[in-house]
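What follows is a short report on a single structure.
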Amino acid sequence: MKRLFPLCIVLSALIAGCTPPGTTRPGQDRGGEQPASPKRVTIAMVGEPRTLNYTVEGSQPGGTATNAPTLLVNSRMADVYRGTVTGPMLATRIPTVENGQWVVGADGAMQMTWNLRQDVYWHDGTKFTANDLLFAAQLGQDKDIPALRDAAYANVSSLDAPDPYTLVSRWRQPYILADSFLGDLEPIPKHLLEAVYQQDKANVLSDPHFNTDFVGTGPYRLIKWDRGSSMTFAAFDQYALGRPRIDNLELKFILDAELILAGALAGTIDVTVGPRLSLDLGDQANHNWQDGQAVAQTTTWVALFPQFVDPIPAVLADVRFRKALMLGTNRPQLTDVLVYGLSPVPDNYLAPGDPLYKDTLSSAVRYPYDPVQAAQMIESLGYAKGVDGFYSSGGQRLSAEIRTTAGDDLKSKLLLSLADGWKQIGIEAPTVEIPRQLSDNLEYRVTRPAFELIRQPDDFTAGGLRRFKGSEAALPSNNYNGQNRTRYQNLELDSLIDRYVTTIAMSDRVELARQMVHILTDQLPIMGMIYSGESTFIANRLVNVTADRGTRNVHEWDVK
């Protein structure tokens with residue numbers, strides 16, 4: 001298939017703001033001049049967020065795989081992308097060892113100081129202060145609110161605000177992700193939610209201020225949320241980094257990707273956000289959309305999450321079976337067919353764009369396509385192939401169910417391709433597409449019999465490492481809220497993670513990363529299938545919208 005679009009990294013999302021129709025923007029009505037018409041942009045995404053707090057949204061299965069809506073309405077202290085801090089936002093600068101705001105003591109204890117801008121306001125006009133961040137941290141440390149909890153707080157000995165615009169954190173030991181962790185902390189308005197938290201903490205996340213009445217610090221204000229349909233936003237005049245250049249934004253939720261393409265061609269959709277538009281759809285857009293383009297991108301991988309607690313079949317708990325599945329899956333062909341060969345086969349746990357990818361690749365256990373060796377490994381586990389072509393043992397056919405959430409074209413195609421490929425080597429693989437109404441059912445998702453196919457970043461950020469910690473296992477005791485959704489537990493890996501995040505010297509950290517990569521690729525707690533390939537639609541009339549920035553610079557977006 002001919003491809004006319006460039007390869008980029010992920011575009012998360014987009015735009016806009018509004019002033020009511022017929023009103024003027026500041027500085028535009030001079031000397032009786034005719035005010036300019038409000039600038040409007042329409043965005044589309046596949047799926048709908050449950051909340052505008054992305055920490056909550058991303059903490060549970062079924063959440064949207066983009067933080068684009070959140071970044072429209074709630075800015076953080078820093079611009080953080082996949083664990084890398086690129087610059088200040090609500091802070092005046094990023095703490096570093098060089099500027100003296102990140103101090104590591106001789107005993108390993110750390111102190112980090114953040115200075116906040118003094119011109120930041122919540123959307124209701126209230127001044128934003130360090131006390132709001134202390135409140136967010138208080139909720140994040142509360143074991144009764146697991147959706148906001150972060151394991152990084154275990155390293156924090158204290159958080160203080162000596163004045164309204166200074167946040168001082170003290171750490172028991174070195175923590176290399178301290179800047180990205182605090183820099184990406186989502187502000188929560190203390191003046192609106194403290195009383196709710198004190199009176200009914202169990203239901204605080206259900207409060208309208210987390211949803212339909214959301215109040216943030218970002219470039220846009222939420223004006224209206226029509227559930228199942230759209231959100232509308234208005235430019236926030238008092239945004240600290242400057243009033244957005246686009247006035248009105250409508251974010252439409254459309255489950256059928258073909259309808260998004262139709263909207264772009266009809267001129268009713270300007271841009272898309274999120275990960276679920278296929279390369280095929282992008283190719284169609286580039287052949288037919290004269291007023292815009294589709295930008296191709298490879299992002300995170302799509303991986304199989306095995307079940308490690310009472311799996312069905314029980315042999316799934318044996319790493320030899322998982323290795324046989326890796327060897328028996330034609331991942332090079334899947335990459336060629338589903339993402340046009342735009343990315344390599346996932347041989348390393350870390351993605352090719354990760355700074356540690358090359359340094360750790362030699363430690364990764366690789367699984368070239370080898371169905372003969374796969375068959376030998378399965379037979380060594382006591383299975384024999386019958387006349388029907390399927391393996392069985394004790395009269396029980398070898399069967400491993402694969403699930404994935406509905407509404408994602410790439411995952412749906414991969415789901416069927418995996419099932420067909422496993423059938424060819426003698427393994428039955430029933431498929432289930434999880435409907436929207438079950439996508440946020442934690443118990444249903446976590447207690448799957450065998451596999452779920454999931455889009456997930458493959459990195460060593462704080463969030464990425466939580467997926468493997470034994471203490472994060474999603475169990476009945478924590479209402480299935482843990483971030484480790486395979487429930488895999490490995491004490492050696494836990495120890496390596498703890499050492500990795502507290503190791504300052506890069507050479508030592510790289511060695512720890514190599515050891516983690518070896519365990520992850522050898523024991524296969526997560527089984528990478530392909531890197532996702534997807535398209536983002538961008539109308540030609542948009543300015544300053546790029547695939548590598550997404551909504552992180554949304555206040556700078558404009559229209560021609």
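Ordering of the structure tokens sets the chain letters (A, B, ...), residue numbers begin anew at 1 in every chain, and ligands are numbered from 1 in the order given.
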Using DSSP on the backbone coordinates, identify the residues of region 219-282 of chain A assigned to alpha helix (DSSP H); present them as a list of chain:residue names.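 Written out, the alpha helix (DSSP H) residues of region 219-282 of chain A are A:Ala257, A:Glu258, A:Leu259, A:Ile260, A:Leu261, A:Ala262, A:Gly263, A:Ala264, A:Leu265, A:Ala266, A:Leu279, A:Asp280, A:Leu281, A:Gly282.
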Could you check the closest approach to Asp132 (chain A) for each of A:Trp114, A:Gly183, A:Leu193, A:Pro352 and tell me which residue wins, using only C-alpha atoms?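 Using only C-alpha atoms, Asp132 (chain A) sits closest to A:Leu193.
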Show which residues sit within 12 Å of Asp458 (chain A), as a PyMOL selection string. Count only C-alpha atoms, and ignore same-chain residues fewer than 6 positions away. chain A and resi 82-83+299-303+346-354+356-357+464-468+517+520-521+526-532
CA of Leu304 (chain A) sits from CA of Ala151 (chain A) at a separation of 24.2 Å
Ala285 (chain A) proximity check over A:Asn540, A:Ser399, A:Thr546, A:Ser535, using only C-alpha atoms: winner is A:Ser535
Near Glu428 (chain A), within 8 Å and counting only C-alpha atoms, which residues show up once chain neighbours fewer than 5 positions away are dropped, as a PDB file with all heavy atoms, in the first residue's frame?
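Below is the file that was written, part.pdb:
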ATOM      1  N   PHE A 390      -5.019 -29.982  16.905  1.00  0.00           N
ATOM      2  CA  PHE A 390      -4.868 -29.219  18.139  1.00  0.00           C
ATOM      3  C   PHE A 390      -4.140 -30.045  19.200  1.00  0.00           C
ATOM      4  O   PHE A 390      -4.289 -31.275  19.269  1.00  0.00           O
ATOM      5  CB  PHE A 390      -6.229 -28.783  18.687  1.00  0.00           C
ATOM      6  CG  PHE A 390      -6.865 -27.667  17.904  1.00  0.00           C
ATOM      7  CD1 PHE A 390      -7.790 -27.944  16.909  1.00  0.00           C
ATOM      8  CD2 PHE A 390      -6.535 -26.343  18.158  1.00  0.00           C
ATOM      9  CE1 PHE A 390      -8.376 -26.924  16.177  1.00  0.00           C
ATOM     10  CE2 PHE A 390      -7.108 -25.313  17.434  1.00  0.00           C
ATOM     11  CZ  PHE A 390      -8.031 -25.596  16.437  1.00  0.00           C
ATOM     12  N   ARG A 397      -8.309 -30.146  25.406  1.00  0.00           N
ATOM     13  CA  ARG A 397      -7.671 -29.372  24.346  1.00  0.00           C
ATOM     14  C   ARG A 397      -6.955 -28.153  24.940  1.00  0.00           C
ATOM     15  O   ARG A 397      -7.471 -27.512  25.853  1.00  0.00           O
ATOM     16  CB  ARG A 397      -8.710 -28.934  23.321  1.00  0.00           C
ATOM     17  CG  ARG A 397      -8.139 -28.086  22.190  1.00  0.00           C
ATOM     18  CD  ARG A 397      -9.189 -27.666  21.186  1.00  0.00           C
ATOM     19  NE  ARG A 397      -9.589 -28.772  20.327  1.00  0.00           N
ATOM     20  CZ  ARG A 397     -10.416 -28.628  19.285  1.00  0.00           C
ATOM     21  NH1 ARG A 397     -10.918 -27.438  18.994  1.00  0.00           N
ATOM     22  NH2 ARG A 397     -10.742 -29.681  18.553  1.00  0.00           N
ATOM     23  N   LEU A 398      -5.783 -27.851  24.405  1.00  0.00           N
ATOM     24  CA  LEU A 398      -5.022 -26.683  24.847  1.00  0.00           C
ATOM     25  C   LEU A 398      -5.682 -25.427  24.279  1.00  0.00           C
ATOM     26  O   LEU A 398      -5.708 -25.218  23.062  1.00  0.00           O
ATOM     27  CB  LEU A 398      -3.568 -26.788  24.370  1.00  0.00           C
ATOM     28  CG  LEU A 398      -2.624 -25.649  24.769  1.00  0.00           C
ATOM     29  CD1 LEU A 398      -2.615 -25.422  26.270  1.00  0.00           C
ATOM     30  CD2 LEU A 398      -1.217 -25.929  24.249  1.00  0.00           C
ATOM     31  N   SER A 399      -6.195 -24.593  25.169  1.00  0.00           N
ATOM     32  CA  SER A 399      -6.951 -23.411  24.754  1.00  0.00           C
ATOM     33  C   SER A 399      -6.582 -22.239  25.649  1.00  0.00           C
ATOM     34  O   SER A 399      -6.531 -22.370  26.877  1.00  0.00           O
ATOM     35  CB  SER A 399      -8.457 -23.690  24.852  1.00  0.00           C
ATOM     36  OG  SER A 399      -9.219 -22.535  24.527  1.00  0.00           O
ATOM     37  N   ALA A 400      -6.302 -21.094  25.041  1.00  0.00           N
ATOM     38  CA  ALA A 400      -5.944 -19.888  25.786  1.00  0.00           C
ATOM     39  C   ALA A 400      -6.721 -18.702  25.220  1.00  0.00           C
ATOM     40  O   ALA A 400      -6.475 -18.273  24.091  1.00  0.00           O
ATOM     41  CB  ALA A 400      -4.447 -19.627  25.706  1.00  0.00           C
ATOM     42  N   GLU A 401      -7.647 -18.184  26.002  1.00  0.00           N
ATOM     43  CA  GLU A 401      -8.488 -17.068  25.554  1.00  0.00           C
ATOM     44  C   GLU A 401      -7.680 -15.778  25.455  1.00  0.00           C
ATOM     45  O   GLU A 401      -6.803 -15.505  26.265  1.00  0.00           O
ATOM     46  CB  GLU A 401      -9.640 -16.872  26.538  1.00  0.00           C
ATOM     47  CG  GLU A 401     -10.590 -15.737  26.159  1.00  0.00           C
ATOM     48  CD  GLU A 401     -11.571 -15.430  27.269  1.00  0.00           C
ATOM     49  OE1 GLU A 401     -12.578 -16.153  27.373  1.00  0.00           O
ATOM     50  OE2 GLU A 401     -11.329 -14.467  28.036  1.00  0.00           O
ATOM     51  N   ALA A 419      -5.095 -15.179  17.091  1.00  0.00           N
ATOM     52  CA  ALA A 419      -5.923 -16.378  17.228  1.00  0.00           C
ATOM     53  C   ALA A 419      -5.722 -17.313  16.038  1.00  0.00           C
ATOM     54  O   ALA A 419      -5.608 -18.532  16.207  1.00  0.00           O
ATOM     55  CB  ALA A 419      -7.392 -15.993  17.370  1.00  0.00           C
ATOM     56  N   TRP A 422      -2.118 -18.893  16.238  1.00  0.00           N
ATOM     57  CA  TRP A 422      -2.008 -19.932  17.265  1.00  0.00           C
ATOM     58  C   TRP A 422      -2.766 -21.196  16.845  1.00  0.00           C
ATOM     59  O   TRP A 422      -2.342 -22.310  17.141  1.00  0.00           O
ATOM     60  CB  TRP A 422      -2.532 -19.413  18.588  1.00  0.00           C
ATOM     61  CG  TRP A 422      -1.621 -18.377  19.213  1.00  0.00           C
ATOM     62  CD1 TRP A 422      -0.473 -17.859  18.671  1.00  0.00           C
ATOM     63  CD2 TRP A 422      -1.798 -17.731  20.468  1.00  0.00           C
ATOM     64  NE1 TRP A 422       0.079 -16.934  19.521  1.00  0.00           N
ATOM     65  CE2 TRP A 422      -0.698 -16.832  20.632  1.00  0.00           C
ATOM     66  CE3 TRP A 422      -2.759 -17.805  21.468  1.00  0.00           C
ATOM     67  CZ2 TRP A 422      -0.564 -16.023  21.760  1.00  0.00           C
ATOM     68  CZ3 TRP A 422      -2.624 -17.019  22.599  1.00  0.00           C
ATOM     69  CH2 TRP A 422      -1.533 -16.131  22.741  1.00  0.00           C
ATOM     70  N   LYS A 423      -3.882 -21.015  16.151  1.00  0.00           N
ATOM     71  CA  LYS A 423      -4.622 -22.173  15.655  1.00  0.00           C
ATOM     72  C   LYS A 423      -3.767 -22.982  14.704  1.00  0.00           C
ATOM     73  O   LYS A 423      -3.791 -24.228  14.720  1.00  0.00           O
ATOM     74  CB  LYS A 423      -5.897 -21.700  14.950  1.00  0.00           C
ATOM     75  CG  LYS A 423      -6.739 -22.833  14.369  1.00  0.00           C
ATOM     76  CD  LYS A 423      -7.990 -22.279  13.692  1.00  0.00           C
ATOM     77  CE  LYS A 423      -8.821 -23.406  13.091  1.00  0.00           C
ATOM     78  NZ  LYS A 423     -10.047 -22.881  12.413  1.00  0.00           N
TER      79      LYS A 423
END
- Message: Can you tell me which residues surround Leu491 (chain A) at a distance of at most 12 Å, considering only C-alpha atoms, apart from same-chain residues fewer than 6 positions away, and format the answer as a list of chain:residue names?
- Response: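 Non-adjacent residues within range: A:Phe468, A:Lys469, A:Gly470, A:Ser471, A:Ile497, A:Asp498, A:Met516, A:Ile519.
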Region 37-144 of chain A residues near region 249-266 of chain A within 12 Å, closest pair each, using only C-alpha atoms, as a tab-separated table:
residue	atom	partner	partner_atom	distance
A:Pro38	CA	A:Leu249	CA	10.4
A:Lys39	CA	A:Leu249	CA	8.6
A:Arg40	CA	A:Leu249	CA	5.8
A:Val41	CA	A:Leu249	CA	5.1
A:Thr42	CA	A:Glu250	CA	4.9
A:Ile43	CA	A:Leu251	CA	4.7
A:Ala44	CA	A:Lys252	CA	4.7
A:Met45	CA	A:Phe253	CA	5.4
A:Val46	CA	A:Leu255	CA	5.0
A:Gly47	CA	A:Phe253	CA	5.6
A:Glu48	CA	A:Phe253	CA	5.7
A:Pro49	CA	A:Phe253	CA	9.1
A:Arg50	CA	A:Phe253	CA	11.9
A:Thr64	CA	A:Phe253	CA	11.1
A:Ala68	CA	A:Leu251	CA	10.2
A:Pro69	CA	A:Leu251	CA	8.3
A:Thr70	CA	A:Leu251	CA	11.9
A:Leu72	CA	A:Leu249	CA	9.9
A:Val73	CA	A:Leu249	CA	11.7
So that I have them on file, write out the residues from the current selection with N, CA and C atoms, as a PDB file, in the first residue's frame.
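Now in out_31.pdb:
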ATOM      1  N   PRO A  38     -14.754  34.609  16.436  1.00  0.00           N
ATOM      2  CA  PRO A  38     -14.052  33.647  17.282  1.00  0.00           C
ATOM      3  C   PRO A  38     -13.441  32.527  16.440  1.00  0.00           C
ATOM      4  N   LYS A  39     -12.261  32.121  16.817  1.00  0.00           N
ATOM      5  CA  LYS A  39     -11.593  31.011  16.139  1.00  0.00           C
ATOM      6  C   LYS A  39     -12.075  29.704  16.756  1.00  0.00           C
ATOM      7  N   ARG A  40     -12.501  28.787  15.919  1.00  0.00           N
ATOM      8  CA  ARG A  40     -13.093  27.541  16.384  1.00  0.00           C
ATOM      9  C   ARG A  40     -12.357  26.346  15.779  1.00  0.00           C
ATOM     10  N   VAL A  41     -12.229  25.306  16.563  1.00  0.00           N
ATOM     11  CA  VAL A  41     -11.602  24.072  16.110  1.00  0.00           C
ATOM     12  C   VAL A  41     -12.406  22.897  16.645  1.00  0.00           C
ATOM     13  N   THR A  42     -12.584  21.899  15.801  1.00  0.00           N
ATOM     14  CA  THR A  42     -13.288  20.678  16.201  1.00  0.00           C
ATOM     15  C   THR A  42     -12.314  19.509  16.205  1.00  0.00           C
ATOM     16  N   ILE A  43     -12.264  18.828  17.326  1.00  0.00           N
ATOM     17  CA  ILE A  43     -11.374  17.689  17.523  1.00  0.00           C
ATOM     18  C   ILE A  43     -12.214  16.438  17.661  1.00  0.00           C
ATOM     19  N   ALA A  44     -11.675  15.305  17.216  1.00  0.00           N
ATOM     20  CA  ALA A  44     -12.362  14.030  17.388  1.00  0.00           C
ATOM     21  C   ALA A  44     -11.412  13.032  18.038  1.00  0.00           C
ATOM     22  N   MET A  45     -11.974  12.180  18.870  1.00  0.00           N
ATOM     23  CA  MET A  45     -11.200  11.095  19.451  1.00  0.00           C
ATOM     24  C   MET A  45     -12.073   9.845  19.534  1.00  0.00           C
ATOM     25  N   VAL A  46     -11.430   8.696  19.462  1.00  0.00           N
ATOM     26  CA  VAL A  46     -12.146   7.433  19.619  1.00  0.00           C
ATOM     27  C   VAL A  46     -12.226   7.133  21.109  1.00  0.00           C
ATOM     28  N   GLY A  47     -13.437   7.105  21.644  1.00  0.00           N
ATOM     29  CA  GLY A  47     -13.618   6.869  23.067  1.00  0.00           C
ATOM     30  C   GLY A  47     -13.893   8.153  23.822  1.00  0.00           C
ATOM     31  N   GLU A  48     -14.190   7.993  25.101  1.00  0.00           N
ATOM     32  CA  GLU A  48     -14.541   9.122  25.958  1.00  0.00           C
ATOM     33  C   GLU A  48     -13.914   8.923  27.330  1.00  0.00           C
ATOM     34  N   PRO A  49     -13.255   9.942  27.872  1.00  0.00           N
ATOM     35  CA  PRO A  49     -12.692   9.799  29.222  1.00  0.00           C
ATOM     36  C   PRO A  49     -13.794   9.733  30.266  1.00  0.00           C
ATOM     37  N   ARG A  50     -13.474   9.092  31.384  1.00  0.00           N
ATOM     38  CA  ARG A  50     -14.430   9.048  32.488  1.00  0.00           C
ATOM     39  C   ARG A  50     -14.265  10.252  33.398  1.00  0.00           C
ATOM     40  N   THR A  64      -9.129   5.966  28.656  1.00  0.00           N
ATOM     41  CA  THR A  64      -8.663   6.367  27.342  1.00  0.00           C
ATOM     42  C   THR A  64      -7.140   6.428  27.333  1.00  0.00           C
ATOM     43  N   ALA A  68      -4.813  13.866  26.342  1.00  0.00           N
ATOM     44  CA  ALA A  68      -5.093  15.096  25.614  1.00  0.00           C
ATOM     45  C   ALA A  68      -6.176  15.958  26.260  1.00  0.00           C
ATOM     46  N   PRO A  69      -7.346  15.408  26.634  1.00  0.00           N
ATOM     47  CA  PRO A  69      -8.357  16.270  27.258  1.00  0.00           C
ATOM     48  C   PRO A  69      -7.868  16.892  28.560  1.00  0.00           C
ATOM     49  N   THR A  70      -7.130  16.127  29.367  1.00  0.00           N
ATOM     50  CA  THR A  70      -6.631  16.637  30.639  1.00  0.00           C
ATOM     51  C   THR A  70      -5.694  17.818  30.440  1.00  0.00           C
ATOM     52  N   LEU A  72      -5.659  19.974  28.229  1.00  0.00           N
ATOM     53  CA  LEU A  72      -6.375  21.182  27.838  1.00  0.00           C
ATOM     54  C   LEU A  72      -6.772  22.013  29.054  1.00  0.00           C
ATOM     55  N   VAL A  73      -7.104  21.341  30.141  1.00  0.00           N
ATOM     56  CA  VAL A  73      -7.719  22.036  31.260  1.00  0.00           C
ATOM     57  C   VAL A  73      -6.855  22.096  32.514  1.00  0.00           C
TER      58      VAL A  73
END
Problem - Between CA of Val545 (chain A) and CA of Gly292 (chain A), distance in Å (one decimal) - result: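 Atom-to-atom, CA of Val545 (chain A) to CA of Gly292 (chain A), that is 12.1 Å.
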Produce a table with one row for each residue of region 445-534 of chain A that has an atom at most 12 Å from any atom of region 99-108 of chain A, each row naming the nearest atom pair and its distance in Å at one decimal; use only C-alpha atoms; arrange rows by chain and rising residue number; format as JSON lines.
{"residue": "A:Thr502", "atom": "CA", "partner": "A:Gly108", "partner_atom": "CA", "distance": 8.9}
{"residue": "A:Thr503", "atom": "CA", "partner": "A:Gly108", "partner_atom": "CA", "distance": 9.8}
{"residue": "A:Ile504", "atom": "CA", "partner": "A:Val104", "partner_atom": "CA", "distance": 9.5}
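Excluding Trp122 (chain A) and any residue on its chain fewer than 6 positions from it, the residues at most 10 Å away by only C-alpha atoms are Val73, Asn74, Phe128, Thr129, Pro187, Ile188, Pro189, Val215, Gly216, Thr217, Gly218, Arg221, Phe236, Gln238 and Tyr239 of chain A.
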- request: Determine which residues of region 402-488 of chain A DSSP labels as strand (DSSP E or B) from the backbone of this structure, then write them out as a VMD selection string.
  value: chain A and resid 402 to 405 428 431 to 434 451 to 456 473 484
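The nearest approach to Gly463 (chain A) among the residues A:Thr126, A:Gln489, A:Thr232, A:Gln483, with only C-alpha atoms taken into account, belongs to A:Gln483.
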Between A:Ile246, A:Leu524, A:Val510, A:Leu453, smallest distance to Glu556 (chain A) by only C-alpha atoms belongs to A:Ile246
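Rounded to one decimal, CA of Tyr367 (chain A) and CA of Asn330 (chain A) lie 9.9 Å from each other.
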Practice problem: Can you pull out every residue within 12 Å of Ser380 (chain A), counting only C-alpha atoms, but drop anything in the same chain fewer than 4 positions away, and send it as a list in words? | Solution: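 My list of contacting residues is Val315, Asp318, Arg320, Phe321, Ala324, Gln373, Ala374, Ala375, Gln376, Ala384, Lys385, Tyr391 and Ser393 of chain A.
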